[in-house]
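J.: The structure under discussion is supplied below as structure tokens; questions concerning it will follow.
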Amino acid sequence: MIGGLTVAALTIVGVGALTAPAPSAYAAPTVISTVDSTVDETTDIAPVTLFVAPAQALIRPGNDPILVEVTLRNAGEDAIEAGTIDLALGARIAAADSTAAPAFDDAAKVLVSQAMRETPADSDQSITIEIPRDLWPLAATEQPGVFALQAAFTPEPGERFTASATADEGAPGPLAVATSPVIWRGINTGETVKLSTVVPLVLPDVVQSTPTPRQLTRAIPELEAAYNYALKQQATLAIDPRIIVAIRGYGLDAPEPARTFLATLEASPLQSFLLQYADADPAAQAALDADALLAPTSFDFLTRLGTFEAPESAADPAAPATPGTPAEPAAPAEPTAPSAETPEPAETEPADPTSLEALLAWPQGIPAAWPAEGAVDSATLNLLRESALPTTVLDSSNVEGATSPRVTLRAAGSGVSEAYVSDTDLAAGAALAVEGATPAERALGTAQFQAKLTALAAAKPTGVMFAVDRGMIAAGTSPWEQLTSLTSESWLTPTPLTAQAEGRATLTRVTPNPADADPARLEALALAEEREPEVTAIRALYVHPDYVTGYQRARMLDLFATHLANPDSDFEAVAEAYAERDAEIERGVRIIDTRHTQLVGSSTRVPIQVQNLLPFNANVRIEVRPTSAVLAVGQETFQDVLIEAKSTQTILVPVKSRVSNGESSLVVTLQDAAGEVTAHSGEIEISVTATIESIALITLGAGAVLLVGFGIFRSIRGRQKAKTEAALAAETESPTA
């Protein structure tokens with residue numbers, strides 16, 4: 001994801017710094033240029049981008065050289081000439097300015113310079129530069145804090161970047177510059193920040209609809225790593241119900257590691273809440289004017305694959321004894337007075353472990369929702385409140401004036417609700433630290449994350465919340481080792497959200513709002529909802545119609561996945577694949593053999609192939625009718641034809657011709673067993689050429705006669721020849737010859 005969305009976003013924001021301040025603390029490196037061609041006006045992307053960051057964000061006094069990672073990215077079509085990188089240390093970043101990008105100081109003293117070779121078109125060049133300790137300007141007595149590390153690249157020929165060079169009008173300046181926070185000595189003793197974390201337990205994108213047992217087995221190690229990280233951080237768990245439903249839905253056939261993991265979750269001391277099924281985005285549903293949140297309709301398509309223990313039920317005193325076991329006579333009961341303290345035992349039916357309610361039950365969780373970042377408005381809050389979800393997880397870009405990560409949220413048109421507010425800068429830094437394409441980008445993300453927490457510790461806030469990006473996990477990234485390193489500094493105190501002080505905040509909107517910025521996504525989601533009744537109309541042809549409706553709803557919820565709201569996600573390709581599968585399901589049972597058939601003779605059996613594309617058994621009715629009197633069908637209706645899941649069945653239809661030659665066809669109609677829903681209708685063209693049969697028989701008979709006659713002729717000639725040779729031999733041997 002960072003290789004696409006985040007890096008692109010960083011580049012665009014950096015170029016925008018030419019005319020406006022960057023909107024985020026450490027969300028973007030600053031990129032400037034003195035060359036007009038640096039910005040491609042057609043794409044709004046800077047072909048030249050510079051990244052700089054310390055290899056270790058926290059620098060302490062010592063003798064070891066300080067390592068700095070630098071990457072020059074050339075996204076243009078022309079190579080960038082070789083040149084020089086200059087490194088300098090800018091001013092201290094005040095805690096109050098922690099939400100502003102580190103400023104580039106033209107007058108900062110250059111510490112070291114290093115040559116860089118030519119950077120080819122559409123490529124990166126990364127180097128590591130050492131700053132000797134004797135050149136590092138901060139003494140051991142310098143107070144702890146965050147400073148701006150900066151770099152400037154000047155291609156040859158050109159003067160090296162210095163204060164005098166940039167101050168003189170017309171002097172050549174750098175092609176690109178960049179800044180990064182660097183932490184000196186950490187913080188003063190005793191300063192801490194309460195860090196609360198939300199950890200998503202979600203499945204990777206390769207899992208669609210509901211995970212298979214094999215997919216569950218592969219996902220469990222990653223889910224366990226996420227849970228172990230959450231335990232260390234005393235985090236709040238945001239759980240995709242697909243995980244719980246799948247493990248319960250396979251019953252005794254669920255993989256043993258998965259069943260163990262579910263037991264761990266159920267007994268966990270951590271606060272938790274359920275996301276929507278497949279982590280569907282409530283903000284997108286609110287943008288589509290939904291009256292209620294989308295929800296699964298049935299999991300019968302899943303539980304049919306599982307094995308379950310028989311539910312225990314109370315013994316019925318009127319039931320007969322088990323056969324083969326003599327019932328002992330009951331002792332006469334002593335008469336007792338009725339007691340008001342002993343209520344009548346309630347008649348309870350055993351719980352069905354395969355019911356929708358049982359599979360989705362999570363009584364230990366809190367009622368909360370986590371919509372797409374920056375996309376929440378009053379309509380979203382109203383929809384969540386109507387769905388009995390009073391608590392919403394937001395990011396700081398979606399609110400203003402937040403005094404704590406746990407707030408009472410005020411919103412125009414929605415009133416007051418509860419919210420957990422995560423820090424946008426922390427999320428951006430962590431994502432870059434995990435998914436950065438180069439060492440410089442990953443180091444920059446680490447520096448952004450830890451510098452923000454350092455600044456917060458110095459400012460002594462009530463606390464801060466960090467929400468792990470679920471898009472990383474959906475993309476198959478395992479961030480837990482890197483995140484452990486990011487959150488293990490001594491001035492961080494892992495704190496449950498419930499232990500944070502309660503504050504207040506006001507709902508605002510990010511511009512552009514992700515939900516509004518991608519109308520194509522909303523349009524695709526709206527079309528998917530509109531198609532659902534049409535797609536599931538095929539359910540009447542299946543032995544268990546609920547399998548089809550439940551399966552389709554689970555698929556649609558997967559399309560609404562929150563991480564697909566990210567502009568960097570390939571939602572267009574996902575939506576296209578979804579629409580193609582919709583078309584397949586809509587014609588889930590179909591006739592596939594409608595080729596032209598030659599009818600030779602007066603009767604034959606015409607094969608008709610029926611294909612079932614879905615993983616469920618179908619029970620269909622097939623009607624075959626001729627279009628003219630040329631043909632007569634021996635059996636026009638085939639009732640209760642079972643087409644097994646994902647298979648093809650061949651039906652042989654007896655057909656007779658009433659003429660010796662002619663053209664006709666058969667109309668084949670595929671319906672549900674009751675004959676009320678028509679799924680498919682096709683026509684098989686048939687050419688009748690009965691005379692061919694007579695001609696073939698005559699030809700065959702004539703050939704046989706000729707063959708026999710030729711054999712007899714050869715036999716007679718052979719015998720005559722033998723007699724003649726014998727006579728000649730006798731004459732030769734005669735004494736009178």
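Going by the structure tokens order, chains are called A, B, ..., each with residues numbered from 1, while ligands are numbered from 1 in the order shown.
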Write out as a PyMOL selection string each polymer residue whose atoms come within 12 Å of A:Thr438, counting only C-alpha atoms; drop sequence neighbours fewer than 5 positions from it.
T.: chain A and resi 2-3+7+50-53+55+69-73+123-128+432-433+443-445
J.: Considering only C-alpha atoms, state which residue in the set A:Leu497, A:Val543, A:Ala437, A:Ala673 is at the smallest distance from A:Phe466.
T.: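 Nearest to A:Phe466: A:Leu497.
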J.: Do a neighbour search on A:Glu224 at 10 Å with only C-alpha atoms, toss out local chain neighbours closer than 5 positions, and write the hits as a list in words.
T.: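 What passes the distance filter is Leu201, Ala219, Tyr229, Ala230, Pro257, Ala258, Phe261, Thr264 and Leu265 of chain A.
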J.: Which parts of stretch 352-531 of chain A does DSSP call helix (DSSP H, G or I) when run on the backbone here, written out as number ranges by chain?
T.: A: 356-360, 378-386, 396-398, 424-435, 439-459, 470-474, 480-486, 497-499, 514-517, 519-531
J.: Quick one: residues within 8 Å of A:Gly190, only C-alpha atoms, excluding same-chain residues fewer than 2 positions away - as a ChimeraX atom specification?
T.: /A:188,192,491
J.: Give me the residues near A:Gly186 as a compact mmCIF listing (two decimals) with all heavy atoms, in the first residue's frame, where near means some atom within 10 Å (using only C-alpha atoms) and where sequence neighbours in that chain fewer than 5 positions away do not count.
T.:
```
# COMPACT_ATOMS: atom_id res chain seq x y z
N ALA A 57 15.95 6.54 14.54
CA ALA A 57 15.28 7.81 14.82
C ALA A 57 15.79 8.46 16.09
O ALA A 57 15.90 9.69 16.18
CB ALA A 57 13.77 7.60 14.91
N LEU A 58 16.12 7.65 17.10
CA LEU A 58 16.59 8.17 18.38
C LEU A 58 18.11 8.15 18.40
O LEU A 58 18.74 7.09 18.25
CB LEU A 58 16.03 7.33 19.53
CG LEU A 58 16.52 7.67 20.93
CD1 LEU A 58 16.17 9.11 21.30
CD2 LEU A 58 15.95 6.70 21.95
N ILE A 59 18.70 9.31 18.58
CA ILE A 59 20.16 9.44 18.61
C ILE A 59 20.57 9.88 20.01
O ILE A 59 20.08 10.89 20.53
CB ILE A 59 20.65 10.45 17.55
CG1 ILE A 59 20.24 9.96 16.15
CG2 ILE A 59 22.16 10.64 17.64
CD1 ILE A 59 20.59 10.93 15.06
N ARG A 60 21.50 9.13 20.59
CA ARG A 60 22.02 9.45 21.91
C ARG A 60 23.49 9.85 21.80
O ARG A 60 24.17 9.50 20.82
CB ARG A 60 21.86 8.26 22.85
CG ARG A 60 20.40 7.91 23.19
CD ARG A 60 20.35 6.79 24.21
NE ARG A 60 19.00 6.54 24.69
CZ ARG A 60 18.15 5.68 24.14
NH1 ARG A 60 18.53 4.96 23.09
NH2 ARG A 60 16.94 5.50 24.64
N GLN A 143 19.61 19.88 25.41
CA GLN A 143 18.38 19.33 25.96
C GLN A 143 17.74 18.36 24.96
O GLN A 143 17.82 18.55 23.74
CB GLN A 143 17.40 20.46 26.27
CG GLN A 143 17.80 21.29 27.47
CD GLN A 143 17.79 20.46 28.74
OE1 GLN A 143 16.84 19.71 29.01
NE2 GLN A 143 18.85 20.57 29.53
N PRO A 144 17.09 17.31 25.47
CA PRO A 144 16.40 16.37 24.56
C PRO A 144 15.33 17.10 23.76
O PRO A 144 14.77 18.10 24.18
CB PRO A 144 15.77 15.35 25.52
CG PRO A 144 16.54 15.47 26.77
CD PRO A 144 16.97 16.90 26.87
N GLY A 145 15.04 16.54 22.58
CA GLY A 145 14.00 17.13 21.74
C GLY A 145 14.05 16.58 20.33
O GLY A 145 14.81 15.66 20.01
N VAL A 146 13.24 17.16 19.47
CA VAL A 146 13.13 16.74 18.08
C VAL A 146 13.68 17.86 17.20
O VAL A 146 13.33 19.03 17.37
CB VAL A 146 11.67 16.44 17.70
CG1 VAL A 146 11.57 16.01 16.24
CG2 VAL A 146 11.11 15.35 18.61
N GLU A 191 8.95 11.96 31.82
CA GLU A 191 7.90 12.32 30.87
C GLU A 191 7.41 11.06 30.16
O GLU A 191 8.20 10.27 29.65
CB GLU A 191 8.42 13.32 29.85
CG GLU A 191 8.78 14.67 30.46
CD GLU A 191 9.39 15.60 29.43
OE1 GLU A 191 9.77 15.12 28.35
OE2 GLU A 191 9.50 16.80 29.71
N GLN A 450 7.89 8.00 15.93
CA GLN A 450 8.50 8.19 17.25
C GLN A 450 8.66 9.66 17.60
O GLN A 450 8.57 10.04 18.78
CB GLN A 450 9.84 7.46 17.30
CG GLN A 450 9.68 5.94 17.20
CD GLN A 450 10.97 5.18 17.39
OE1 GLN A 450 12.06 5.76 17.33
NE2 GLN A 450 10.86 3.89 17.63
N ALA A 451 8.89 10.52 16.61
CA ALA A 451 9.01 11.94 16.90
C ALA A 451 7.68 12.52 17.37
O ALA A 451 7.65 13.38 18.26
CB ALA A 451 9.51 12.69 15.66
N THR A 454 7.31 11.55 20.89
CA THR A 454 8.23 12.32 21.72
C THR A 454 7.68 13.71 21.99
O THR A 454 7.71 14.21 23.13
CB THR A 454 9.59 12.42 21.03
OG1 THR A 454 10.09 11.11 20.79
CG2 THR A 454 10.59 13.18 21.89
N ALA A 455 7.16 14.33 20.94
CA ALA A 455 6.58 15.67 21.10
C ALA A 455 5.37 15.63 22.03
O ALA A 455 5.17 16.53 22.85
CB ALA A 455 6.20 16.24 19.74
N ALA A 457 4.86 13.47 24.44
CA ALA A 457 5.32 13.25 25.81
C ALA A 457 5.79 14.56 26.43
O ALA A 457 5.52 14.84 27.60
CB ALA A 457 6.44 12.22 25.82
N ALA A 458 6.49 15.36 25.63
CA ALA A 458 6.97 16.65 26.14
C ALA A 458 5.81 17.59 26.44
O ALA A 458 5.88 18.42 27.35
CB ALA A 458 7.92 17.28 25.13
N GLU A 489 9.45 2.21 23.23
CA GLU A 489 10.27 3.20 23.92
C GLU A 489 9.81 3.35 25.37
O GLU A 489 8.64 3.16 25.71
CB GLU A 489 10.19 4.55 23.20
CG GLU A 489 10.75 4.53 21.78
CD GLU A 489 12.25 4.22 21.74
OE1 GLU A 489 12.91 4.31 22.80
OE2 GLU A 489 12.76 3.88 20.67
N SER A 490 10.76 3.73 26.22
CA SER A 490 10.50 3.76 27.66
C SER A 490 9.49 4.83 28.05
O SER A 490 8.87 4.72 29.12
CB SER A 490 11.82 4.00 28.41
OG SER A 490 12.41 5.23 27.99
N TRP A 491 9.32 5.86 27.24
CA TRP A 491 8.39 6.93 27.62
C TRP A 491 6.95 6.66 27.16
O TRP A 491 6.10 7.53 27.25
CB TRP A 491 8.86 8.29 27.10
CG TRP A 491 9.02 8.39 25.61
CD1 TRP A 491 8.05 8.68 24.69
CD2 TRP A 491 10.21 8.23 24.87
NE1 TRP A 491 8.56 8.69 23.42
CE2 TRP A 491 9.90 8.42 23.50
CE3 TRP A 491 11.54 7.92 25.22
CZ2 TRP A 491 10.86 8.33 22.48
CZ3 TRP A 491 12.48 7.84 24.20
CH2 TRP A 491 12.14 8.04 22.86
```
J.: Which residue out of A:Thr197, A:Asp134, A:Gln639, A:Ser422 has the minimum interatomic distance to A:Asp64 when only C-alpha atoms are used?
T.: A:Asp134
J.: What's the 7 Å shell around stretch 376-387 of chain A, counting only C-alpha atoms, without same-chain residues fewer than 4 positions away, as a list in words?
T.: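 So, after excluding close chain neighbours, the residues are Pro282, Ala283, Ala286, Ala292, Leu293, Pro371, Asn398, Ala411, Ala412, Gly413, Ser414 and Arg509 of chain A.
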J.: Which residue, A:Thr487, A:Ala505, A:Ala561, A:Ile366, has the smallest gap to A:Val416 when you use only C-alpha atoms?
T.: A:Ala505
J.: So that I can check the surroundings of stretch 112-121 of chain A, please list as a tab-separated table (two decimals) with all heavy atoms, in the first residue's frame every protein, DNA and RNA residue that reaches within 6 Å of it, counting only C-alpha atoms and ignoring chain neighbours fewer than 4 positions away.
T.:
```tsv
chain	number	residue	atom	x	y	z
A	74	ASN	N	13.33	9.00	-9.23
A	74	ASN	CA	13.13	9.64	-10.53
A	74	ASN	C	11.97	8.94	-11.23
A	74	ASN	O	12.12	7.84	-11.76
A	74	ASN	CB	14.41	9.54	-11.37
A	74	ASN	CG	14.24	10.18	-12.74
A	74	ASN	OD1	13.29	10.92	-12.98
A	74	ASN	ND2	15.18	9.91	-13.65
A	76	GLY	N	10.43	10.35	-13.72
A	76	GLY	CA	10.33	10.97	-15.04
A	76	GLY	C	10.82	10.06	-16.15
A	76	GLY	O	11.27	8.93	-15.92
A	77	GLU	N	10.78	10.59	-17.36
A	77	GLU	CA	11.18	9.81	-18.53
A	77	GLU	C	12.63	10.04	-18.90
A	77	GLU	O	13.14	9.39	-19.81
A	77	GLU	CB	10.28	10.17	-19.72
A	77	GLU	CG	8.81	9.84	-19.49
A	77	GLU	CD	7.94	10.22	-20.67
A	77	GLU	OE1	8.47	10.85	-21.62
A	77	GLU	OE2	6.74	9.89	-20.66
A	78	ASP	N	13.29	11.00	-18.24
A	78	ASP	CA	14.70	11.30	-18.52
A	78	ASP	C	15.53	11.02	-17.28
A	78	ASP	O	15.07	11.15	-16.15
A	78	ASP	CB	14.87	12.77	-18.93
A	78	ASP	CG	14.07	13.10	-20.19
A	78	ASP	OD1	14.06	12.27	-21.12
A	78	ASP	OD2	13.46	14.19	-20.22
A	79	ALA	N	16.78	10.65	-17.50
A	79	ALA	CA	17.69	10.40	-16.39
A	79	ALA	C	18.04	11.71	-15.69
A	79	ALA	O	18.01	12.79	-16.29
A	79	ALA	CB	18.96	9.72	-16.90
A	80	ILE	N	18.34	11.61	-14.41
A	80	ILE	CA	18.80	12.76	-13.63
A	80	ILE	C	20.32	12.68	-13.56
A	80	ILE	O	20.89	11.64	-13.19
A	80	ILE	CB	18.20	12.75	-12.21
A	80	ILE	CG1	16.68	12.87	-12.28
A	80	ILE	CG2	18.78	13.89	-11.38
A	80	ILE	CD1	15.99	12.76	-10.93
A	81	GLU	N	20.99	13.79	-13.89
A	81	GLU	CA	22.45	13.79	-13.90
A	81	GLU	C	23.00	13.49	-12.51
A	81	GLU	O	22.34	13.67	-11.50
A	81	GLU	CB	22.97	15.16	-14.36
A	81	GLU	CG	22.60	15.54	-15.77
A	81	GLU	CD	21.21	16.17	-15.86
A	81	GLU	OE1	20.51	16.20	-14.82
A	81	GLU	OE2	20.82	16.60	-16.95
A	82	ALA	N	24.21	13.02	-12.50
A	82	ALA	CA	24.90	12.82	-11.23
A	82	ALA	C	24.99	14.16	-10.50
A	82	ALA	O	24.93	15.23	-11.10
A	82	ALA	CB	26.30	12.25	-11.48
A	83	GLY	N	25.13	14.09	-9.20
A	83	GLY	CA	25.15	15.33	-8.44
A	83	GLY	C	25.65	15.10	-7.03
A	83	GLY	O	26.33	14.11	-6.73
A	84	THR	N	25.25	16.01	-6.13
A	84	THR	CA	25.75	16.00	-4.76
A	84	THR	C	24.59	16.11	-3.79
A	84	THR	O	23.66	16.90	-3.99
A	84	THR	CB	26.72	17.17	-4.52
A	84	THR	OG1	27.79	17.09	-5.46
A	84	THR	CG2	27.28	17.13	-3.11
A	85	ILE	N	24.65	15.29	-2.74
A	85	ILE	CA	23.71	15.38	-1.63
A	85	ILE	C	24.40	16.09	-0.47
A	85	ILE	O	25.51	15.71	-0.06
A	85	ILE	CB	23.26	13.98	-1.18
A	85	ILE	CG1	22.21	13.43	-2.13
A	85	ILE	CG2	22.67	14.02	0.23
A	85	ILE	CD1	20.84	14.05	-1.99
A	86	ASP	N	23.75	17.12	0.06
A	86	ASP	CA	24.23	17.82	1.24
A	86	ASP	C	23.28	17.56	2.40
A	86	ASP	O	22.06	17.66	2.25
A	86	ASP	CB	24.30	19.33	0.98
A	86	ASP	CG	25.31	19.68	-0.10
A	86	ASP	OD1	26.39	19.05	-0.12
A	86	ASP	OD2	25.02	20.56	-0.92
A	87	LEU	N	23.85	17.23	3.56
A	87	LEU	CA	23.06	17.00	4.76
A	87	LEU	C	23.32	18.13	5.76
A	87	LEU	O	24.47	18.57	5.94
A	87	LEU	CB	23.42	15.67	5.41
A	87	LEU	CG	23.10	14.40	4.62
A	87	LEU	CD1	23.47	13.16	5.44
A	87	LEU	CD2	21.63	14.35	4.25
```
J.: Select, from A:Gly401, A:Pro296, A:Gly436, A:Pro241, the residue with the minimum atom-to-atom distance to A:Gly365, counting only C-alpha atoms.
T.: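 Closest residue, counting only C-alpha atoms: A:Pro241.
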J.: Using Å and a single decimal, report how far atom CA of A:Leu409 sits from atom CA of A:Ala501.
T.: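 A separation of 14.1 Å between them.
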J.: Provide the atom CA of A:Ile608 to atom CA of A:Ala583 distance in Å, to one decimal place.
T.: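 Calculated distance between atom CA of A:Ile608 and atom CA of A:Ala583 is 22.2 Å.
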J.: Suppose you want the space between atom CA of A:Gly251 and atom CA of A:Phe301; what is it in Å?
T.: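 Result for atom CA of A:Gly251 versus atom CA of A:Phe301: 13.5 Å, one decimal.
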J.: From the set A:Val641, A:Ala139, A:Val548, A:Ala520, which residue has the shortest atom-to-atom contact distance to A:Ala674, counting only C-alpha atoms?
T.: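 That would be A:Val641, the residue with the smallest distance to A:Ala674.
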J.: Which one of A:Val655, A:Val202, A:Ala235, A:Ala368 sits closest to A:Pro607 if you count only C-alpha atoms?
T.: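 That would be A:Val655, the residue with the smallest distance to A:Pro607.
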J.: Per DSSP on the backbone, filter stretch 73-192 of chain A down to the residues in strand (DSSP E or B) and report them as a ChimeraX atom specification.
T.: /A:73-74,80,83-93,110-116,119,123-131,145-155,176-184
